[in-house]
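Next comes work30.txt, a file with compact mmCIF, N, CA and C atoms.
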# COMPACT_ATOMS: atom_id res chain seq x y z
N MET A 1 27.02 -84.10 -38.68
CA MET A 1 27.24 -83.33 -37.49
C MET A 1 26.66 -84.11 -36.31
N GLU A 2 27.40 -84.15 -35.25
CA GLU A 2 26.95 -84.86 -34.06
C GLU A 2 26.97 -83.91 -32.87
N ILE A 3 25.85 -83.85 -32.18
CA ILE A 3 25.74 -83.03 -30.98
C ILE A 3 25.47 -83.98 -29.82
N PRO A 4 26.25 -83.87 -28.75
CA PRO A 4 26.07 -84.76 -27.61
C PRO A 4 24.69 -84.61 -26.97
N ALA A 5 24.24 -85.68 -26.35
CA ALA A 5 22.97 -85.66 -25.61
C ALA A 5 23.12 -84.76 -24.38
N PRO A 6 22.00 -84.22 -23.90
CA PRO A 6 22.06 -83.37 -22.72
C PRO A 6 22.49 -84.16 -21.47
N THR A 7 23.13 -83.44 -20.56
CA THR A 7 23.57 -84.07 -19.32
C THR A 7 22.75 -83.57 -18.13
N HIS A 8 21.79 -82.68 -18.38
CA HIS A 8 20.93 -82.15 -17.32
C HIS A 8 19.48 -82.53 -17.60
N GLU A 9 18.67 -82.49 -16.57
CA GLU A 9 17.25 -82.84 -16.68
C GLU A 9 16.47 -81.70 -17.33
N PRO A 10 15.37 -82.02 -18.04
CA PRO A 10 14.53 -80.96 -18.62
C PRO A 10 14.09 -79.97 -17.54
N GLY A 11 14.10 -78.70 -17.90
CA GLY A 11 13.70 -77.66 -16.98
C GLY A 11 14.84 -77.04 -16.20
N GLU A 12 15.98 -77.71 -16.14
CA GLU A 12 17.13 -77.13 -15.44
C GLU A 12 17.78 -76.07 -16.32
N MET A 13 18.14 -74.92 -15.72
CA MET A 13 18.76 -73.82 -16.45
C MET A 13 20.06 -74.28 -17.12
N GLN A 14 20.79 -75.15 -16.46
CA GLN A 14 22.06 -75.62 -17.02
C GLN A 14 21.84 -76.36 -18.34
N ARG A 15 20.71 -77.01 -18.49
CA ARG A 15 20.42 -77.74 -19.73
C ARG A 15 20.33 -76.78 -20.91
N THR A 16 19.61 -75.67 -20.73
CA THR A 16 19.49 -74.66 -21.78
C THR A 16 20.85 -74.06 -22.11
N MET A 17 21.61 -73.76 -21.07
CA MET A 17 22.94 -73.18 -21.28
C MET A 17 23.86 -74.18 -22.00
N GLU A 18 23.75 -75.44 -21.65
CA GLU A 18 24.56 -76.47 -22.29
C GLU A 18 24.24 -76.55 -23.79
N CYS A 19 22.96 -76.52 -24.12
CA CYS A 19 22.55 -76.56 -25.52
C CYS A 19 23.07 -75.34 -26.27
N GLU A 20 22.96 -74.18 -25.65
CA GLU A 20 23.45 -72.95 -26.29
C GLU A 20 24.95 -73.04 -26.55
N GLU A 21 25.71 -73.56 -25.59
CA GLU A 21 27.16 -73.70 -25.76
C GLU A 21 27.51 -74.64 -26.91
N LEU A 22 26.68 -75.65 -27.14
CA LEU A 22 26.94 -76.59 -28.23
C LEU A 22 26.55 -76.01 -29.59
N ILE A 23 25.47 -75.25 -29.62
CA ILE A 23 24.96 -74.73 -30.89
C ILE A 23 25.64 -73.42 -31.32
N HIS A 24 26.08 -72.64 -30.37
CA HIS A 24 26.69 -71.34 -30.67
C HIS A 24 27.81 -71.43 -31.71
N PRO A 25 28.77 -72.33 -31.57
CA PRO A 25 29.84 -72.39 -32.58
C PRO A 25 29.33 -72.73 -33.98
N LEU A 26 28.27 -73.52 -34.06
CA LEU A 26 27.71 -73.86 -35.37
C LEU A 26 27.10 -72.63 -36.04
N ILE A 27 26.34 -71.86 -35.27
CA ILE A 27 25.75 -70.64 -35.79
C ILE A 27 26.84 -69.64 -36.16
N ASP A 28 27.84 -69.54 -35.31
CA ASP A 28 28.96 -68.62 -35.58
C ASP A 28 29.65 -68.99 -36.89
N THR A 29 29.82 -70.27 -37.15
CA THR A 29 30.44 -70.73 -38.40
C THR A 29 29.60 -70.32 -39.60
N ILE A 30 28.29 -70.47 -39.50
CA ILE A 30 27.39 -70.09 -40.59
C ILE A 30 27.46 -68.59 -40.85
N VAL A 31 27.38 -67.80 -39.79
CA VAL A 31 27.40 -66.34 -39.93
C VAL A 31 28.75 -65.88 -40.48
N THR A 32 29.83 -66.44 -39.98
CA THR A 32 31.17 -66.07 -40.46
C THR A 32 31.32 -66.40 -41.94
N ALA A 33 30.81 -67.55 -42.37
CA ALA A 33 30.89 -67.93 -43.77
C ALA A 33 30.08 -66.98 -44.64
N ALA A 34 28.91 -66.58 -44.16
CA ALA A 34 28.08 -65.64 -44.93
C ALA A 34 28.78 -64.30 -45.07
N VAL A 35 29.38 -63.80 -43.99
CA VAL A 35 30.09 -62.53 -44.03
C VAL A 35 31.30 -62.63 -44.97
N ALA A 36 32.01 -63.73 -44.91
CA ALA A 36 33.16 -63.93 -45.79
C ALA A 36 32.75 -63.98 -47.26
N SER A 37 31.50 -64.36 -47.51
CA SER A 37 30.99 -64.41 -48.89
C SER A 37 30.47 -63.07 -49.38
N GLY A 38 30.45 -62.08 -48.49
CA GLY A 38 30.04 -60.75 -48.92
C GLY A 38 28.76 -60.23 -48.30
N TRP A 39 28.08 -61.06 -47.50
CA TRP A 39 26.87 -60.59 -46.82
C TRP A 39 27.28 -59.74 -45.63
N ALA A 40 26.50 -58.72 -45.33
CA ALA A 40 26.74 -57.90 -44.14
C ALA A 40 26.41 -58.72 -42.90
N LEU A 41 27.10 -58.43 -41.81
CA LEU A 41 26.85 -59.16 -40.56
C LEU A 41 25.39 -59.07 -40.16
N ASP A 42 24.81 -57.89 -40.23
CA ASP A 42 23.39 -57.73 -39.86
C ASP A 42 22.48 -58.57 -40.75
N GLU A 43 22.80 -58.67 -42.04
CA GLU A 43 22.00 -59.50 -42.94
C GLU A 43 22.08 -60.97 -42.53
N ALA A 44 23.27 -61.43 -42.24
CA ALA A 44 23.45 -62.83 -41.86
C ALA A 44 22.74 -63.14 -40.54
N LEU A 45 22.86 -62.23 -39.57
CA LEU A 45 22.19 -62.45 -38.29
C LEU A 45 20.68 -62.43 -38.44
N LEU A 46 20.17 -61.52 -39.25
CA LEU A 46 18.73 -61.46 -39.50
C LEU A 46 18.26 -62.74 -40.18
N ALA A 47 19.05 -63.25 -41.11
CA ALA A 47 18.69 -64.49 -41.79
C ALA A 47 18.60 -65.65 -40.80
N VAL A 48 19.53 -65.71 -39.86
CA VAL A 48 19.48 -66.76 -38.83
C VAL A 48 18.23 -66.59 -37.98
N GLU A 49 17.94 -65.36 -37.56
CA GLU A 49 16.75 -65.10 -36.76
C GLU A 49 15.48 -65.52 -37.51
N GLU A 50 15.40 -65.19 -38.78
CA GLU A 50 14.23 -65.55 -39.58
C GLU A 50 14.12 -67.07 -39.73
N ALA A 51 15.25 -67.74 -39.91
CA ALA A 51 15.23 -69.20 -40.01
C ALA A 51 14.70 -69.82 -38.72
N VAL A 52 15.11 -69.27 -37.59
CA VAL A 52 14.62 -69.76 -36.29
C VAL A 52 13.12 -69.55 -36.18
N LYS A 53 12.64 -68.37 -36.57
CA LYS A 53 11.20 -68.10 -36.54
C LYS A 53 10.45 -69.10 -37.41
N ASP A 54 10.98 -69.37 -38.61
CA ASP A 54 10.33 -70.31 -39.51
C ASP A 54 10.27 -71.71 -38.90
N ILE A 55 11.35 -72.12 -38.26
CA ILE A 55 11.38 -73.44 -37.63
C ILE A 55 10.37 -73.49 -36.49
N ARG A 56 10.31 -72.43 -35.70
CA ARG A 56 9.36 -72.40 -34.58
C ARG A 56 7.92 -72.50 -35.04
N THR A 57 7.63 -71.88 -36.15
CA THR A 57 6.25 -71.90 -36.65
C THR A 57 6.05 -72.99 -37.70
N ALA A 58 7.07 -73.82 -37.88
CA ALA A 58 7.02 -74.96 -38.81
C ALA A 58 6.74 -74.55 -40.24
N LYS A 59 7.22 -73.36 -40.62
CA LYS A 59 7.10 -72.93 -42.01
C LYS A 59 8.27 -73.47 -42.79
N PRO A 60 8.06 -73.97 -43.99
CA PRO A 60 9.19 -74.43 -44.80
C PRO A 60 10.05 -73.28 -45.26
N ALA A 61 11.33 -73.55 -45.45
CA ALA A 61 12.26 -72.52 -45.95
C ALA A 61 11.89 -72.15 -47.37
N GLY A 62 12.17 -70.88 -47.75
CA GLY A 62 11.92 -70.45 -49.13
C GLY A 62 10.64 -69.81 -49.20

Output the file's structure in the form of structure tokens.
Amino acid sequence: MEIPAPTHEPGEMQRTMECEELIHPLIDTIVTAAVASGWALDEALLAVEEAVKDIRTAKPAG
């Protein structure tokens, strides 16, 4: 997977929005695949939220 480098300077609101626009489809693909496999949408979204929390606190998955 390749994500383009930012085109805005750190601290600019557009930079955060640009990153969100690039990452959103990837997260959507993951959630859609989980739902298609039988997980409830809320379960898949909660799993993504928990994964983000783990990454923020540098906790390993599992």

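For the atom pair formed by atom CA of Glu20 of chain A and atom CA of Thr32 of chain A, the distance is 17.5 Å, given to one decimal.
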
Query raised in the report: How many Å separate atom N of Ala47 of chain A from atom C of Ile30 of chain A?
Result: 10.0 Å

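Here atom CA of Ile3 of chain A and atom CA of Leu22 of chain A stand 7.1 Å from one another.
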
Around segment 43-55 of chain A, with edges along x, y and z and 3 Å added on all six sides, what centre and edge lengths do you get, in Å to one decimal, as JSON?
{"center_x": 16.9, "center_y": -66.1, "center_z": -39.6, "size_x": 19.2, "size_y": 20.8, "size_z": 12.8}
